[in-house]
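Beneath this line is the structure, given in structure tokens, with notes to follow.
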Amino acid sequence: MNLIVPHLPVLQVAIPLIAAPICVLFTFGGHRKLAWLFTLSISWICLLIAGALLSRVVLETDISYAIGSWPPPFGIEYRVDPINAFVLLIISGVSAIALPFARLSVEKEIESDRHVLFYTCYLLCLTGLLGVTITGDAFNIFVFLEISSLSTYVLIATGVRQDRRALTAAYNYLILGTIGATFFVIGIGLLYMVTGTLNIADLAERLKPLSDNRVVHAGFAFIIIGTCLKLALFPMHAWLPNAYTYAPSLVTVFLAATSTKVSVYVLLRFLFTVFGPTYDFVNLTFEFVLLPLAIVAMFAGSVTAIFQTNVKRLFAYSSVAQLGYMMLGVSLCNIPGLMATILHIFNHALMKGALFMALGCVVYRLGAISLGSMKGLGRRMPWTMGALTLAGLSLIGVPGTVGFISKWHLILGTLESGYWPIAILIVGSSLLAVIYIWNIVEVAYLEKETSREQTLKEVPMTMLAPLWVLVILNFYFGIDTDLTTRVARNVAATFLGGG
Amino acid sequence: MIAIAEFLLPLNPGLWLIIGAFVAILLPQSLSRWFAIIFPILLIPFLLSLNFGNHGTVSFLNYQLETFRLDALSRIFGLIFLIASALGNLYAVGDVVDKLQRCAALTYAGGALAAVFAGDMITLFIFFEIAAVASVFLIWARRTQKAFSAGMRYLIVQIGAGVILLTGLLVHFSATGSIDFNKIGLHAPGGILIILAFGIKAAFPLFHNWLQDAYPEATISGTVILSGFTTKLAIYALARSYPGTDLLIWIGAIMTAFPIFYAVIENDLRRVLAYSLNNQLGFMVVGIGIGTEMALNGTISHAFCHILYKALLFMSMGAVLLRTGTCNGSDLGGLFKTMPWSTSFCIIGAASISGFPLFSGFISKSMILTAVSAEGYWGVWLVLLFASAGVFHHSGIKIPYFAFFAHDSGLRPKEAPWTMLLAMFIAAVLCVGIGVYPAPLYAMLPYVVEYQPYTAYHVINQLQLLMFSALAFTVLMLTKIYPPELHSTNLDTDWFYRRGIKSLIVWGAQNTIAFNKFCYGIASKSVSELIDNVKQLSAEPGILSRTPALGSSVAWISALLLIILLLILY
């Protein structure tokens, strides 16, 4: 055991990375069906490692792991502290819950000869996201970001069997994602130019005397824009709705629950660990760029969601709004605000994971996902629609669900900064969420089913079980908030104190 | 056994009711019907056996929630809520209800009950909202389009009030660091928001329309159950958090007076009762505003009596509606011949609400009036006196008169089912019992009662008032000025005089209604224009939901980069 434990940080990334090419081998010898099982077991191993890492950093201290035993500022360092251990747990946890659901869903939505490659890309995407989170090296972040992005483009494009628009969606995301990554790497390059280091902790130290340096300012601007593009901050969200809508269900679940959250984490890392709110230009950006954009995102996303007829697209726009909440928490720059963001990274993964998974169940039976085709579905697929409704309540922020916990802290954050009109706006935009959830509930429960829906049956247990696990987690963490708030408070205090 | 008892004891009786609601769904129809009646009754001795203090603590969001605070104030409200729940469910047996409605009724009562026992504002808010959401199903259960839209409007108002309450408590919490639910007062941070939320739920003037809008649209038993909880819960919350707030005296005084005019011209008798509900709440609000020990005692005992007699009146009107299919005063009349029991129960309810000596309204309302005069608010006292006369006029006389007597409508419906009669009988017995022997009720009030209702002064004063009001009604009826009976007009010398007053009344009423419609029209027009514009912007071909060309996205990206660079560099 002692042989493995010190190497857990690198194993977290290395295992899925090595697993990806091995997965391709299943193409040969008629073992195609094993690809799913293999991916599933890798995911569970990743979850175990992430759990071990989190418990270690919460109970003991941060872990620093030098790749190839090159000491930190020179070699690549993997650094695990509570925040990224928490994000690692979210990524691998969502993956571990989503994969049992995936088998039937993928069989239905993707041609069978592509399954092996699909799972390979999925493993690569998982590797990339885990790598971005765990690494303590700025350039390494870019590398893993590219690994995850490139595999994501492919994953989205596999939705082509359901709808050919998946191809343009993937293409658009490719262009915009590449621009974002390029901006990010330009920013890193500029910082490297003046500091001569890529290690994040080292970078933070060396930037301290350089707060008036124009190159640093420009680097900061490029990094912020690059990550904001990756996390789909309004109005740079154009890639997101189509990508979520036309991707296969598993990919939508996984991306919606993890990918934007990882970008939020990267942004937090740069804003608070590398730069920190003590710099004037960081505060200026908070106040004049991120805060207004976050508020606009909250409303633009929700209002657009209300008028959508494609339900997947509806929730994609709702994600734009939810990212607005997260950015609002960041830009408040106080403890409850940051706590709200960190909690919402977790909570939003739970609710959107559940919502998109429920939609995946609907697609499995119905093939289509427009509001009009869901008439009376509440009676035909009671468990699926029940889960959708409950997760919808969580999205609204009903007390007893995780959504309430995030909004509670977010409102406390705005009040602490004295922005009480924004607190009212948050409440107002939650009411918009009531409207679009109600649209679905009304169609599913109150309208008469047509003959087409009458033949439908509930989806199999293997799809329902993961869905309900997520729904129950939505309520569990809405009531027992001890773990999540403790991590969030701890992290928020470190970010603001150590900044 | 002891371990189980220790686990169950902290469970708030409201939660028990909510659990009971789910049990009621699982049980077969015949059992669940009786379960819904017996279960609240079983909780009464449980509640009375507990000592005062805080019985339940739950930690949530790093706060200690007090889920079960038992003191004199919460106990008396809890007791009456349990009684009202049992009576309402007994009554509902006669009005054949499905399980969903029964579950909603129990959840609603449970939510209200749990909110009463909440020792902190988060618990209060959560159960307030559970009650609000559950209650709307009592309206929707009527399954008409009208009921559906009325329910929707009701829900929007209730949730809106809940959101205001939440905002208020967040403001309060972030300024004071305390979530305890005790006296708040207007000047505390967030105090105005919180009183606004309670005010909407208590149907303050201008916020009252949801009540008259929604209650008469509910099912027959639904209206009976609805009349008991939401507004009284708000009264409880106000009594807990805003005693002695001067503003409430004036709001309450207006509240007692203005519904009278509407009640007089209204034809739907259940809606008349909804207006008089509003007027009765006014008395309680005045009592809270005065805030002396006697005034609070009066308010609480009035709430207690009010729930009983108002339920009784709604029950009797519900029986009429069940048997005749209408509740319009102009279509009814002469029902006493075939519904003698309902008639007598209705008269007992009417006597109680009017405050006849020996009926429950008398021993509580007069306490509020005495407290008002003791503090020297003579103007308010006169308004309340006028309102008392008005109550007698429209609830005490109009309701039984038009439904059961008046001109014979020729309807010969059957008597109400025995379960409904039993529910009315129990409510009537309680009304008379409390009126004759108020000591047990007085003993449960939070403050020591030194008030004697049966003094010659009180009795004579009240009887005078009632007699003159009855006289006024008689004169109006005989001279046929009374609005709903406009079939014939005698052209006589007093024509100008009567015409003048009548048209003044009608003109006043019409203008008020027209003004309301006008304001509502402007509001709804601008809202619908706004929605149209937003829809154009964001529905399918609109700019927000179009997938922009890559170029424009890139333009946005560069623009934002430029903005940040300019911001930082200059």
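Quick note on naming: the chains in the structure tokens go A, B, ... in the order shown, residues restart at 1 in each chain, and ligands are numbered from 1 in order of appearance.
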Report task. Write out as number ranges by chain each polymer residue whose atoms come within 12 Å of Leu465 (chain B), counting only C-alpha atoms; drop sequence neighbours fewer than 2 positions from it. Result -> B: 354-357, 382, 384-393, 458-463, 467-472
Requested in this report: Would you give me, as a VMD selection string, the residues of chain B that come within 9 Å of chain A, using only C-alpha atoms?
Outcome: chain B and resid 59 to 62 125 to 126 163 167 170 to 171 173 to 175 534 to 535 537 to 540 544 to 550 553 to 554 556 to 558 560 to 565 567 to 569
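CA of Phe142 (chain A) is positioned 19.7 Å from CA of Gly68 (chain A).
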**Report entry** Distance query Met424 (chain B) at most 9 Å, only C-alpha atoms, self and fewer than 3 positions along chain excluded, as a list in words
**Finding:** Leu87, Tyr91, Ala311, Leu312, Leu313, Met315, Ser316, Ser342, Phe345, Cys346, Thr419, Met420, Leu421, Ala427, Ala428 and Val429 of chain B
Query raised in the report: Near Met444 (chain B), counting only C-alpha atoms, which residues have an atom at most 7 Å away, once you skip same-chain residues fewer than 2 positions from it, shown as a PyMOL selection string?
Result: chain B and resi 72+76+440-442+446
Query raised in the report: Can you tell me, as number ranges by chain, what residues are no more than 10 Å from Leu470 (chain A) when counting only C-alpha atoms, ignoring any on the same chain fewer than 3 positions away?
Result: A: 94, 97-98, 349-355, 357, 387, 391, 465-467, 473-476
Keeping only N, CA and C atoms, write the selected residues to a file as an mmCIF file, in the first residue's frame.
data_model
loop_
_atom_site.group_PDB
_atom_site.id
_atom_site.type_symbol
_atom_site.label_atom_id
_atom_site.label_comp_id
_atom_site.auth_asym_id
_atom_site.auth_seq_id
_atom_site.Cartn_x
_atom_site.Cartn_y
_atom_site.Cartn_z
ATOM 1 N N VAL A 94 -19.027 12.311 -11.070
ATOM 2 C CA VAL A 94 -20.042 12.398 -12.125
ATOM 3 C C VAL A 94 -19.801 11.309 -13.161
ATOM 4 N N ILE A 97 -20.914 7.940 -11.895
ATOM 5 C CA ILE A 97 -22.365 7.752 -11.840
ATOM 6 C C ILE A 97 -22.953 7.709 -13.248
ATOM 7 N N ALA A 98 -22.352 8.489 -14.168
ATOM 8 C CA ALA A 98 -22.956 8.600 -15.498
ATOM 9 C C ALA A 98 -22.697 7.348 -16.331
ATOM 10 N N ALA A 349 -23.276 20.726 -10.695
ATOM 11 C CA ALA A 349 -22.963 19.428 -11.310
ATOM 12 C C ALA A 349 -24.041 18.412 -10.961
ATOM 13 N N LEU A 350 -24.481 18.420 -9.701
ATOM 14 C CA LEU A 350 -25.513 17.467 -9.297
ATOM 15 C C LEU A 350 -26.823 17.723 -10.032
ATOM 16 N N MET A 351 -27.239 19.000 -10.095
ATOM 17 C CA MET A 351 -28.575 19.211 -10.677
ATOM 18 C C MET A 351 -28.566 19.079 -12.184
ATOM 19 N N LYS A 352 -27.550 19.656 -12.836
ATOM 20 C CA LYS A 352 -27.556 19.530 -14.286
ATOM 21 C C LYS A 352 -27.275 18.098 -14.702
ATOM 22 N N GLY A 353 -26.421 17.398 -13.931
ATOM 23 C CA GLY A 353 -26.209 15.980 -14.222
ATOM 24 C C GLY A 353 -27.533 15.233 -14.213
ATOM 25 N N ALA A 354 -28.321 15.459 -13.156
ATOM 26 C CA ALA A 354 -29.602 14.760 -13.047
ATOM 27 C C ALA A 354 -30.553 15.173 -14.167
ATOM 28 N N LEU A 355 -30.592 16.471 -14.452
ATOM 29 C CA LEU A 355 -31.546 16.939 -15.475
ATOM 30 C C LEU A 355 -31.205 16.359 -16.845
ATOM 31 N N MET A 357 -29.463 13.791 -17.487
ATOM 32 C CA MET A 357 -29.607 12.342 -17.499
ATOM 33 C C MET A 357 -31.076 11.968 -17.697
ATOM 34 N N ALA A 387 -38.043 12.454 -11.512
ATOM 35 C CA ALA A 387 -36.658 12.870 -11.273
ATOM 36 C C ALA A 387 -36.400 14.227 -11.904
ATOM 37 N N ALA A 391 -35.245 17.434 -9.767
ATOM 38 C CA ALA A 391 -34.000 18.134 -10.082
ATOM 39 C C ALA A 391 -34.300 19.563 -10.504
ATOM 40 N N ALA A 465 -31.501 3.974 -12.082
ATOM 41 C CA ALA A 465 -30.765 3.961 -10.820
ATOM 42 C C ALA A 465 -29.757 5.115 -10.724
ATOM 43 N N PRO A 466 -28.874 5.309 -11.741
ATOM 44 C CA PRO A 466 -27.943 6.436 -11.628
ATOM 45 C C PRO A 466 -28.656 7.776 -11.559
ATOM 46 N N LEU A 467 -29.749 7.886 -12.309
ATOM 47 C CA LEU A 467 -30.510 9.128 -12.297
ATOM 48 C C LEU A 467 -30.999 9.443 -10.885
ATOM 49 N N LEU A 473 -28.875 12.680 -4.197
ATOM 50 C CA LEU A 473 -27.745 13.508 -3.752
ATOM 51 C C LEU A 473 -28.140 14.976 -3.727
ATOM 52 N N ASN A 474 -28.960 15.389 -4.703
ATOM 53 C CA ASN A 474 -29.442 16.764 -4.731
ATOM 54 C C ASN A 474 -30.125 17.138 -3.431
ATOM 55 N N PHE A 475 -30.859 16.168 -2.865
ATOM 56 C CA PHE A 475 -31.561 16.469 -1.622
ATOM 57 C C PHE A 475 -30.663 16.217 -0.417
ATOM 58 N N TYR A 476 -29.826 15.163 -0.527
ATOM 59 C CA TYR A 476 -28.973 14.855 0.618
ATOM 60 C C TYR A 476 -28.066 16.036 0.947
#
Within 9 Å of region 261-269 of chain A, counting only C-alpha atoms, which residues show up once you throw out same-chain ones fewer than 4 positions away? Write them as a short mmCIF file (atom, residue, chain, number, x, y, z; two decimals) with C-alpha atoms, in the first residue's frame, please.
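Done, and the output landed in selection.cif:
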data_model
loop_
_atom_site.label_atom_id
_atom_site.label_comp_id
_atom_site.auth_asym_id
_atom_site.auth_seq_id
_atom_site.Cartn_x
_atom_site.Cartn_y
_atom_site.Cartn_z
CA ILE A 83 -10.28 23.08 -3.82
CA ASN A 84 -8.87 20.95 -6.58
CA VAL A 87 -13.19 19.39 -8.16
CA ILE A 91 -15.34 15.10 -12.13
CA LEU A 129 -10.25 17.46 -17.09
CA LEU A 130 -8.56 15.67 -14.22
CA VAL A 132 -6.24 20.54 -15.65
CA THR A 133 -7.49 20.30 -12.12
CA ILE A 141 -2.96 23.37 -17.57
CA LEU A 145 -7.07 21.78 -21.51
CA ILE A 200 1.76 28.40 -10.20
CA ILE A 223 -5.97 34.57 -19.41
CA ILE A 224 -9.26 35.92 -18.09
CA THR A 227 -10.98 31.00 -19.48
CA CYS A 228 -14.21 32.98 -19.56
CA LEU A 229 -14.69 31.79 -23.12
CA LYS A 230 -14.14 28.20 -22.03
CA LEU A 231 -16.64 28.57 -19.22
CA LEU A 255 -19.82 18.13 -20.09
CA ALA A 256 -22.59 20.05 -18.38
CA ALA A 257 -21.62 18.66 -15.02
CA THR A 273 -3.84 32.06 -6.23
CA VAL A 274 -1.75 33.62 -8.99
CA PHE A 275 -2.98 37.21 -8.89
CA LEU A 323 -22.64 30.13 -14.78
CA MET A 326 -20.99 31.32 -10.25
CA MET A 327 -19.29 34.32 -11.78
CA VAL A 330 -16.49 35.17 -7.79
CA THR A 341 -19.33 29.73 -6.26
CA ILE A 342 -17.49 26.73 -4.90
CA ILE A 345 -19.63 24.11 -8.82
CA PHE A 346 -20.61 21.00 -6.89
CA HIS A 348 -24.77 22.60 -10.27
CA ALA A 349 -22.96 19.43 -11.31
CA PHE A 495 -8.19 32.25 -1.41
#
Requested in this report: Would you list the contacts of region 100-110 of chain B as a PyMOL selection string, taking every protein, DNA or RNA residue within 6 Å and counting only C-alpha atoms, but skipping same-chain residues closer than 2 positions in sequence?
Outcome: chain B and resi 14+17-18+21+98+112-114+131+134-135+138
Those residues you just picked out, can you put them in a file as a PDB file, in the first residue's frame with C-alpha atoms?
ATOM      1  CA  GLY B  14     -46.724  19.614  11.950  1.00  0.00           C
ATOM      2  CA  LEU B  17     -49.258  15.686  10.010  1.00  0.00           C
ATOM      3  CA  ILE B  18     -47.142  15.840   6.868  1.00  0.00           C
ATOM      4  CA  ALA B  21     -50.490  12.967   4.648  1.00  0.00           C
ATOM      5  CA  ASP B  98     -59.949  12.135  -3.764  1.00  0.00           C
ATOM      6  CA  ALA B 112     -49.002  25.707   8.907  1.00  0.00           C
ATOM      7  CA  LEU B 113     -48.696  23.859  12.200  1.00  0.00           C
ATOM      8  CA  ALA B 114     -44.977  23.297  11.792  1.00  0.00           C
ATOM      9  CA  ALA B 131     -48.242  25.228   3.332  1.00  0.00           C
ATOM     10  CA  ALA B 134     -49.956  22.342  -0.646  1.00  0.00           C
ATOM     11  CA  SER B 135     -52.900  24.690  -0.289  1.00  0.00           C
ATOM     12  CA  LEU B 138     -57.257  22.448  -2.675  1.00  0.00           C
TER      13      LEU B 138
END
